[in-house]
$ cat upload.cif   # mmCIF, C-alpha atoms
data_query
loop_
_atom_site.label_atom_id
_atom_site.label_comp_id
_atom_site.auth_asym_id
_atom_site.auth_seq_id
_atom_site.Cartn_x
_atom_site.Cartn_y
_atom_site.Cartn_z
CA MET A 1 -21.03 -2.98 28.45
CA LYS A 2 -22.63 0.42 27.83
CA TYR A 3 -19.52 2.11 29.26
CA ILE A 4 -17.28 0.31 26.76
CA TYR A 5 -19.27 1.77 23.86
CA VAL A 6 -19.10 5.24 25.39
CA LEU A 7 -15.34 4.91 25.93
CA ALA A 8 -14.84 3.69 22.34
CA PHE A 9 -16.87 6.64 21.04
CA LEU A 10 -14.87 9.12 23.13
CA LEU A 11 -11.53 7.66 22.03
CA THR A 12 -12.59 7.72 18.38
CA SER A 13 -13.80 11.31 18.72
CA TYR A 14 -10.54 12.35 20.42
CA PHE A 15 -8.40 10.63 17.79
CA ASN A 16 -10.36 12.38 15.02
CA LEU A 17 -9.66 15.74 16.72
CA ILE A 18 -5.90 15.16 16.82
CA SER A 19 -5.58 13.63 13.37
CA ALA A 20 -6.16 14.76 9.80
CA ASP A 21 -6.29 13.42 6.26
CA ILE A 22 -3.60 13.96 3.64
CA LYS A 23 -5.17 14.50 0.21
CA GLY A 24 -3.87 15.29 -3.23
CA VAL A 25 -3.29 14.46 -6.86
CA VAL A 26 -0.26 12.94 -8.55
CA LYS A 27 0.41 13.85 -12.18
CA THR A 28 3.04 13.91 -14.86
CA VAL A 29 3.27 16.64 -17.50
CA GLU A 30 0.94 14.45 -19.58
CA GLY A 31 -1.79 14.20 -16.94
CA ALA A 32 -3.06 12.10 -14.03
CA LEU A 33 -0.92 9.17 -12.88
CA PRO A 34 -2.68 6.10 -11.41
CA ASP A 35 -1.02 3.36 -9.34
CA VAL A 36 1.31 5.70 -7.44
CA ILE A 37 1.94 4.77 -3.82
CA VAL A 38 1.97 7.85 -1.58
CA TYR A 39 3.21 7.07 1.92
CA ILE A 40 4.68 8.39 5.14
CA GLU A 41 8.18 7.08 5.67
CA LYS A 42 9.32 5.34 8.86
CA ILE A 43 8.62 7.33 12.02
CA ASN A 44 11.57 6.96 14.40
CA GLY A 45 10.66 5.27 17.66
CA LEU A 46 7.33 3.92 16.41
CA GLN A 47 6.33 0.45 15.28
CA PHE A 48 2.86 -0.54 14.11
CA SER A 49 1.02 -3.84 14.39
CA PRO A 50 0.09 -5.44 11.07
CA PRO A 51 -3.57 -6.04 10.27
CA SER A 52 -5.08 -9.20 11.74
CA SER A 53 -6.73 -10.09 8.42
CA PRO A 54 -4.68 -10.95 5.34
CA VAL A 55 -4.56 -8.74 2.25
CA VAL A 56 -5.35 -10.22 -1.18
CA MET A 57 -3.27 -10.18 -4.39
CA ASP A 58 -5.53 -12.03 -6.85
CA GLN A 59 -4.87 -13.44 -10.32
CA LYS A 60 -7.65 -13.09 -12.88
CA ASP A 61 -7.74 -12.69 -16.68
CA LEU A 62 -3.94 -13.12 -16.74
CA THR A 63 -3.55 -10.07 -14.50
CA PHE A 64 -2.48 -9.50 -10.91
CA ILE A 65 -5.19 -7.58 -9.05
CA PRO A 66 -4.25 -5.05 -7.80
CA HIS A 67 -1.23 -4.13 -9.90
CA VAL A 68 0.28 -2.20 -6.98
CA LEU A 69 -0.22 -3.24 -3.35
CA PRO A 70 1.23 -1.24 -0.44
CA ILE A 71 1.20 -3.12 2.88
CA LEU A 72 2.44 -2.64 6.42
CA ILE A 73 5.45 -4.72 7.42
CA GLY A 74 4.34 -8.03 8.96
CA THR A 75 1.20 -8.27 6.81
CA THR A 76 0.11 -11.64 5.42
CA VAL A 77 -0.74 -11.57 1.72
CA VAL A 78 -2.97 -14.26 0.20
CA PHE A 79 -2.49 -15.12 -3.48
CA PRO A 80 -5.64 -16.86 -4.78
CA ASN A 81 -5.81 -18.10 -8.35
CA SER A 82 -9.20 -16.93 -9.63
CA ASP A 83 -8.22 -17.58 -13.24
CA ILE A 84 -9.15 -20.53 -15.46
CA THR A 85 -5.49 -21.35 -16.01
CA ARG A 86 -2.58 -22.30 -13.78
CA HIS A 87 -0.30 -19.59 -12.40
CA SER A 88 3.09 -19.52 -10.69
CA VAL A 89 3.72 -16.43 -8.56
CA PHE A 90 7.35 -15.70 -7.71
CA SER A 91 9.74 -12.92 -6.76
CA SER A 92 13.50 -12.70 -6.82
CA ALA A 93 13.59 -9.61 -4.57
CA LYS A 94 16.35 -9.68 -1.95
CA ILE A 95 13.91 -8.79 0.83
CA LYS A 96 11.47 -11.60 -0.02
CA LYS A 97 12.58 -14.26 -2.46
CA PHE A 98 9.92 -16.93 -3.07
CA ASP A 99 8.42 -19.21 -5.72
CA PHE A 100 5.02 -20.84 -5.18
CA GLY A 101 5.31 -23.18 -8.16
CA THR A 102 2.26 -23.69 -10.34
CA TYR A 103 -1.19 -23.90 -8.82
CA GLU A 104 -4.66 -24.21 -10.31
CA GLN A 105 -7.90 -22.24 -10.18
CA GLY A 106 -9.46 -22.13 -6.73
CA SER A 107 -6.11 -22.67 -5.00
CA LYS A 108 -4.36 -20.05 -2.92
CA LYS A 109 -0.99 -19.48 -1.31
CA SER A 110 -0.02 -17.05 1.44
CA LEU A 111 3.10 -15.37 2.73
CA VAL A 112 4.09 -12.94 5.51
CA PHE A 113 6.14 -9.95 4.35
CA ASP A 114 8.48 -9.17 7.23
CA LYS A 115 11.05 -6.76 5.73
CA PRO A 116 10.47 -3.30 4.27
CA GLY A 117 11.01 -2.64 0.59
CA LEU A 118 9.81 -3.36 -2.92
CA VAL A 119 8.80 -6.88 -4.01
CA PRO A 120 8.21 -7.21 -7.78
CA LEU A 121 5.96 -10.15 -8.71
CA LEU A 122 5.98 -12.25 -11.87
CA CYS A 123 4.42 -15.47 -13.16
CA HIS A 124 6.57 -18.25 -14.69
CA VAL A 125 3.64 -19.41 -16.82
CA HIS A 126 2.66 -15.95 -18.13
CA PRO A 127 5.69 -13.65 -18.50
CA GLU A 128 3.46 -10.68 -19.40
CA MET A 129 2.04 -10.67 -15.85
CA SER A 130 3.64 -8.33 -13.33
CA ALA A 131 2.75 -6.55 -10.11
CA TYR A 132 4.39 -4.90 -7.10
CA ILE A 133 4.07 -5.23 -3.35
CA TYR A 134 5.62 -2.35 -1.41
CA VAL A 135 6.24 -3.25 2.24
CA LEU A 136 6.12 -0.08 4.35
CA GLU A 137 6.96 0.82 7.95
CA THR A 138 3.86 2.91 8.68
CA PRO A 139 0.16 2.28 8.04
CA TYR A 140 -0.17 5.73 6.47
CA PHE A 141 -0.31 5.11 2.73
CA ALA A 142 -2.61 5.23 -0.29
CA VAL A 143 -2.60 4.37 -4.01
CA THR A 144 -3.70 6.93 -6.59
CA ASN A 145 -6.84 6.16 -8.58
CA GLU A 146 -7.35 6.64 -12.33
CA SER A 147 -7.62 10.41 -11.76
CA GLY A 148 -4.32 10.46 -9.82
CA ARG A 149 -6.16 11.25 -6.57
CA PHE A 150 -5.21 9.83 -3.17
CA ILE A 151 -6.24 10.19 0.45
CA ILE A 152 -4.36 8.99 3.53
CA LYS A 153 -6.82 8.96 6.43
CA ASN A 154 -6.38 9.65 10.14
CA VAL A 155 -2.76 10.77 10.22
CA PRO A 156 -1.77 12.00 13.70
CA ALA A 157 -0.51 15.58 13.97
CA GLY A 158 3.26 15.79 13.46
CA ARG A 159 6.17 16.29 11.05
CA TYR A 160 6.72 13.59 8.44
CA LYS A 161 8.48 12.68 5.24
CA LEU A 162 5.86 12.01 2.57
CA SER A 163 7.11 10.00 -0.41
CA THR A 164 5.88 8.64 -3.72
CA TRP A 165 6.69 5.46 -5.62
CA HIS A 166 5.67 4.47 -9.13
CA GLU A 167 7.04 1.69 -11.30
CA TRP A 168 8.55 4.07 -13.87
CA ALA A 169 8.32 7.62 -12.49
CA LYS A 170 11.08 9.16 -10.38
CA PRO A 171 10.22 9.06 -6.66
CA LYS A 172 9.73 12.27 -4.74
CA THR A 173 9.97 13.04 -1.01
CA VAL A 174 8.80 16.17 0.79
CA GLU A 175 8.68 17.15 4.44
CA ILE A 176 5.21 18.01 5.70
CA THR A 177 3.58 19.12 8.93
CA VAL A 178 0.14 17.72 9.71
CA GLN A 179 -1.92 19.81 12.13
CA SER A 180 -4.68 18.54 14.39
CA ASN A 181 -8.09 18.37 12.75
CA LYS A 182 -6.89 20.20 9.61
CA ASP A 183 -6.61 18.24 6.36
CA PHE A 184 -3.30 18.59 4.52
CA ASN A 185 -3.50 19.06 0.73
CA ILE A 186 -0.55 18.39 -1.55
CA ASP A 187 -0.08 17.68 -5.24
CA PHE A 188 2.88 16.00 -6.89
CA ILE A 189 4.21 16.31 -10.43
CA LEU A 190 6.47 13.34 -11.16
CA GLU A 191 9.04 12.97 -13.92
CA GLU A 192 9.89 9.93 -15.98
#
$ encode --input "upload.cif" --output "structure tokens"
Amino acid sequence: MKYIYVLAFLLTSYFNLISADIKGVVKTVEGALPDVIVYIEKINGLQFSPPSSPVVMDQKDLTFIPHVLPILIGTTVVFPNSDITRHSVFSSAKIKKFDFGTYEQGSKKSLVFDKPGLVPLLCHVHPEMSAYIYVLETPYFAVTNESGRFIIKNVPAGRYKLSTWHEWAKPKTVEITVQSNKDFNIDFILEE
């Protein structure tokens, strides 16, 4: 058993030596831009296993939490209703059309997202509620915080297309080269 821990430590140490973090800030001319998904596009010849645990898209105070949720293709998303009122989550997206119908507080629904692309979410009961799930083909993604900052951890060395998505800003894609054990810093200025 001791050897397994040593092997795990060595593999983790090796992976950290050949990988790096991608860090940066996303802004508009007016300032920091939160809720931007920054992600590495599909890497030809590679497929990634989805997480074994589901990801949560909650409903509370008549709001989807989080507003923007990037996930790896094949991920299960759980939709609990933590609100005091009924909700009805649905999407008419071509890649994942669904309608859970209404369900009460304490209930939850779940769904596997098996095709890449954008899935806008709405609620039949509360039309002011909206959110987005972006199904991606790599596990290398992050969402900007209130300061527009993001960090994508443990990206293997290589050449990639790094892209942004925001619900109203124009997307941007750049080619980058990540070097072993050397963090990559990049800032984006997005236009409306």
$ closest_residue --input "upload.cif" --among "A:Gly117, A:Gly74, A:Gly148, A:Gly24" --to "Val55 (chain A)" --atoms "only C-alpha atoms"
A:Gly74
$ closest_atom_pairs --input "upload.cif" --of "region 116-173 of chain A" --to "region 86-94 of chain A" --cutoff "10 Å" --atoms "all atoms listed in the file" --output "CSV"
residue,atom,partner,partner_atom,distance
A:Gly117,CA,A:Ala93,CA,9.0
A:Leu118,CA,A:Ala93,CA,7.5
A:Val119,CA,A:Ala93,CA,5.5
A:Pro120,CA,A:Ser91,CA,6.0
A:Leu121,CA,A:Ser91,CA,5.1
A:Leu122,CA,A:Phe90,CA,5.6
A:Cys123,CA,A:Val89,CA,4.8
A:His124,CA,A:Ser88,CA,5.5
A:Val125,CA,A:His87,CA,5.9
A:His126,CA,A:His87,CA,7.4
A:Met129,CA,A:Val89,CA,9.4
A:Ser130,CA,A:Val89,CA,9.4
A:Tyr132,CA,A:Ser91,CA,9.6
$ write_last_selection --input "upload.cif" --atoms "C-alpha atoms" --output "compact mmCIF listing (two decimals), in the frame of the given file"
# COMPACT_ATOMS: atom_id res chain seq x y z
CA GLY A 117 11.01 -2.64 0.59
CA LEU A 118 9.81 -3.36 -2.92
CA VAL A 119 8.80 -6.88 -4.01
CA PRO A 120 8.21 -7.21 -7.78
CA LEU A 121 5.96 -10.15 -8.71
CA LEU A 122 5.98 -12.25 -11.87
CA CYS A 123 4.42 -15.47 -13.16
CA HIS A 124 6.57 -18.25 -14.69
CA VAL A 125 3.64 -19.41 -16.82
CA HIS A 126 2.66 -15.95 -18.13
CA MET A 129 2.04 -10.67 -15.85
CA SER A 130 3.64 -8.33 -13.33
CA TYR A 132 4.39 -4.90 -7.10
$ residues_near_point --input "upload.cif" --point "(-2.3, -8.8, -8.8)" --cutoff "9 Å" --atoms "all atoms listed in the file" --output "PDB file with C-alpha atoms, in the frame of the given file"
ATOM      1  CA  VAL A  56      -5.350 -10.220  -1.180  1.00  0.00           C
ATOM      2  CA  MET A  57      -3.270 -10.180  -4.390  1.00  0.00           C
ATOM      3  CA  ASP A  58      -5.530 -12.030  -6.850  1.00  0.00           C
ATOM      4  CA  GLN A  59      -4.870 -13.440 -10.320  1.00  0.00           C
ATOM      5  CA  LYS A  60      -7.650 -13.090 -12.880  1.00  0.00           C
ATOM      6  CA  THR A  63      -3.550 -10.070 -14.500  1.00  0.00           C
ATOM      7  CA  PHE A  64      -2.480  -9.500 -10.910  1.00  0.00           C
ATOM      8  CA  ILE A  65      -5.190  -7.580  -9.050  1.00  0.00           C
ATOM      9  CA  PRO A  66      -4.250  -5.050  -7.800  1.00  0.00           C
ATOM     10  CA  HIS A  67      -1.230  -4.130  -9.900  1.00  0.00           C
ATOM     11  CA  VAL A  68       0.280  -2.200  -6.980  1.00  0.00           C
ATOM     12  CA  LEU A  69      -0.220  -3.240  -3.350  1.00  0.00           C
ATOM     13  CA  PHE A  79      -2.490 -15.120  -3.480  1.00  0.00           C
ATOM     14  CA  LEU A 121       5.960 -10.150  -8.710  1.00  0.00           C
ATOM     15  CA  MET A 129       2.040 -10.670 -15.850  1.00  0.00           C
ATOM     16  CA  SER A 130       3.640  -8.330 -13.330  1.00  0.00           C
ATOM     17  CA  ALA A 131       2.750  -6.550 -10.110  1.00  0.00           C
ATOM     18  CA  TYR A 132       4.390  -4.900  -7.100  1.00  0.00           C
TER      19      TYR A 132
END
$ closest_residue --input "upload.cif" --among "A:Ile43, A:Ala142, A:Val178, A:Val26" --to "Pro156 (chain A)" --atoms "all atoms listed in the file"
A:Val178
$ residues_around --input "upload.cif" --residues "Lys153 (chain A)" --least-positions-apart "2" --cutoff "7 Å" --atoms "only C-alpha atoms" --output "PyMOL selection string"
chain A and resi 20-22+151+155
$ residues_around --input "upload.cif" --residues "Gln105 (chain A)" --least-positions-apart "5" --cutoff "9 Å" --atoms "all atoms listed in the file" --output "ChimeraX atom specification"
/A:80-87
$ atom_distance --input "upload.cif" --atom1 "CA of Lys182 (chain A)" --atom2 "CA of Phe150 (chain A)"
16.5 Å
$ closest_residue --input "upload.cif" --among "A:Lys96, A:Ala157, A:Asp61, A:Ile186" --to "Glu128 (chain A)" --atoms "only C-alpha atoms"
A:Asp61
$ residues_near_point --input "upload.cif" --point "(14.4, 9.4, 13.9)" --cutoff "12 Å" --atoms "all atoms listed in the file" --output "list in words"
Glu41, Lys42, Ile43, Asn44, Gly45, Leu46, Arg159, Tyr160 and Lys161 of chain A
$ closest_residue --input "upload.cif" --among "A:Leu62, A:Leu111, A:Ile37, A:Val174" --to "Tyr134 (chain A)" --atoms "all atoms listed in the file"
A:Ile37
$ atom_distance --input "upload.cif" --atom1 "CA of Thr75 (chain A)" --atom2 "CA of Pro50 (chain A)"
5.2 Å
$ resolve_selection --input "upload.cif" --expression "the PyMOL selection byres ((chain A and resi 109) around 6)" --output "CSV table (one decimal) with C-alpha atoms, keeping the file's coordinate frame"
chain,number,residue,atom,x,y,z
A,78,VAL,CA,-3.0,-14.3,0.2
A,79,PHE,CA,-2.5,-15.1,-3.5
A,108,LYS,CA,-4.4,-20.0,-2.9
A,110,SER,CA,0.0,-17.0,1.4
$ atom_distance --input "upload.cif" --atom1 "CA of Lys172 (chain A)" --atom2 "CA of Ile73 (chain A)"
21.3 Å
$ closest_residue --input "upload.cif" --among "A:Thr177, A:Thr76, A:Thr164, A:Ser19" --to "Leu190 (chain A)" --atoms "all atoms listed in the file"
A:Thr164
$ closest_residue --input "upload.cif" --among "A:Leu162, A:Lys23, A:Ser49, A:Ala32" --to "Glu146 (chain A)" --atoms "all atoms listed in the file"
A:Ala32
$ resolve_selection --input "upload.cif" --expression "the PyMOL selection byres ((chain A and resi 31) around 12)" --output "number ranges by chain"
A: 25-30, 32-34, 146-149, 188-191
$ axis_aligned_box --input "upload.cif" --around "region 158-173 of chain A" --padding-each-side "4 Å" --output "lines of an AutoDock Vina configuration file"
center_x = 7.2
center_y = 9.0
center_z = -0.2
size_x = 15.8
size_y = 22.6
size_z = 35.3
$ decode --input "upload.cif" --residues "region 26-120 of chain A" --atoms "C-alpha atoms" --output "short mmCIF file (atom, residue, chain, number, x, y, z; two decimals), in the first residue's frame"
data_model
loop_
_atom_site.label_atom_id
_atom_site.label_comp_id
_atom_site.auth_asym_id
_atom_site.auth_seq_id
_atom_site.Cartn_x
_atom_site.Cartn_y
_atom_site.Cartn_z
CA VAL A 26 -11.31 39.46 -19.21
CA LYS A 27 -12.57 43.02 -19.62
CA THR A 28 -14.59 45.29 -21.82
CA VAL A 29 -13.75 48.95 -22.38
CA GLU A 30 -15.95 49.64 -19.34
CA GLY A 31 -14.08 47.31 -16.99
CA ALA A 32 -13.98 43.76 -15.62
CA LEU A 33 -16.39 41.21 -17.11
CA PRO A 34 -17.68 38.40 -14.85
CA ASP A 35 -19.34 35.18 -16.04
CA VAL A 36 -17.11 34.72 -19.09
CA ILE A 37 -16.21 31.13 -19.92
CA VAL A 38 -12.57 30.81 -20.98
CA TYR A 39 -11.79 27.39 -22.43
CA ILE A 40 -9.49 25.30 -24.57
CA GLU A 41 -11.25 24.09 -27.68
CA LYS A 42 -11.39 20.44 -28.76
CA ILE A 43 -7.97 18.78 -28.97
CA ASN A 44 -7.88 16.50 -32.01
CA GLY A 45 -7.38 12.86 -31.13
CA LEU A 46 -8.19 13.29 -27.44
CA GLN A 47 -11.33 12.47 -25.49
CA PHE A 48 -11.79 13.03 -21.77
CA SER A 49 -13.84 11.12 -19.22
CA PRO A 50 -16.57 13.14 -17.52
CA PRO A 51 -16.46 13.59 -13.76
CA SER A 52 -17.89 10.73 -11.71
CA SER A 53 -19.84 13.14 -9.49
CA PRO A 54 -22.66 15.28 -10.87
CA VAL A 55 -22.44 19.06 -11.13
CA VAL A 56 -25.17 21.24 -9.58
CA MET A 57 -27.32 23.96 -11.18
CA ASP A 58 -29.45 25.16 -8.25
CA GLN A 59 -32.53 27.37 -8.10
CA LYS A 60 -32.78 29.80 -5.19
CA ASP A 61 -34.34 33.25 -4.73
CA LEU A 62 -35.76 33.00 -8.27
CA THR A 63 -32.25 32.67 -9.67
CA PHE A 64 -30.26 29.87 -11.29
CA ILE A 65 -27.01 29.34 -9.39
CA PRO A 66 -24.57 29.57 -11.07
CA HIS A 67 -25.70 31.78 -13.93
CA VAL A 68 -23.06 30.25 -16.23
CA LEU A 69 -21.95 26.62 -15.94
CA PRO A 70 -19.24 25.13 -18.19
CA ILE A 71 -19.10 21.33 -18.12
CA LEU A 72 -17.27 18.53 -19.88
CA ILE A 73 -19.29 16.53 -22.39
CA GLY A 74 -20.92 13.51 -20.70
CA THR A 75 -21.34 15.29 -17.36
CA THR A 76 -24.50 14.76 -15.31
CA VAL A 77 -26.08 17.97 -14.05
CA VAL A 78 -28.43 17.92 -11.05
CA PHE A 79 -31.12 20.61 -10.84
CA PRO A 80 -32.33 20.88 -7.23
CA ASN A 81 -35.10 23.29 -6.30
CA SER A 82 -33.86 25.06 -3.17
CA ASP A 83 -36.48 27.79 -3.50
CA ILE A 84 -39.76 28.17 -1.60
CA THR A 85 -41.71 28.14 -4.85
CA ARG A 86 -42.16 25.69 -7.70
CA HIS A 87 -39.87 25.87 -10.73
CA SER A 88 -39.89 24.38 -14.22
CA VAL A 89 -36.46 24.14 -15.85
CA PHE A 90 -36.42 23.72 -19.62
CA SER A 91 -34.33 24.30 -22.72
CA SER A 92 -35.21 24.40 -26.39
CA ALA A 93 -31.56 24.07 -27.51
CA LYS A 94 -31.07 21.74 -30.47
CA ILE A 95 -28.27 19.88 -28.70
CA LYS A 96 -30.32 19.20 -25.56
CA LYS A 97 -34.03 19.88 -25.66
CA PHE A 98 -35.80 19.07 -22.38
CA ASP A 99 -38.59 20.18 -20.04
CA PHE A 100 -38.72 18.94 -16.45
CA GLY A 101 -42.22 20.26 -15.78
CA THR A 102 -42.90 21.93 -12.44
CA TYR A 103 -41.36 20.59 -9.27
CA GLU A 104 -41.40 21.77 -5.67
CA GLN A 105 -38.84 22.75 -3.05
CA GLY A 106 -36.59 19.89 -2.02
CA SER A 107 -37.07 18.06 -5.32
CA LYS A 108 -34.37 17.60 -7.91
CA LYS A 109 -34.01 16.46 -11.48
CA SER A 110 -30.90 15.36 -13.36
CA LEU A 111 -29.73 15.06 -16.94
CA VAL A 112 -26.61 13.92 -18.83
CA PHE A 113 -25.31 16.43 -21.38
CA ASP A 114 -23.86 14.32 -24.19
CA LYS A 115 -23.35 16.80 -27.06
CA PRO A 116 -21.09 19.85 -27.16
CA GLY A 117 -22.55 23.34 -27.39
CA LEU A 118 -24.58 25.98 -25.61
CA VAL A 119 -27.74 25.11 -23.64
CA PRO A 120 -29.74 28.18 -22.52
#
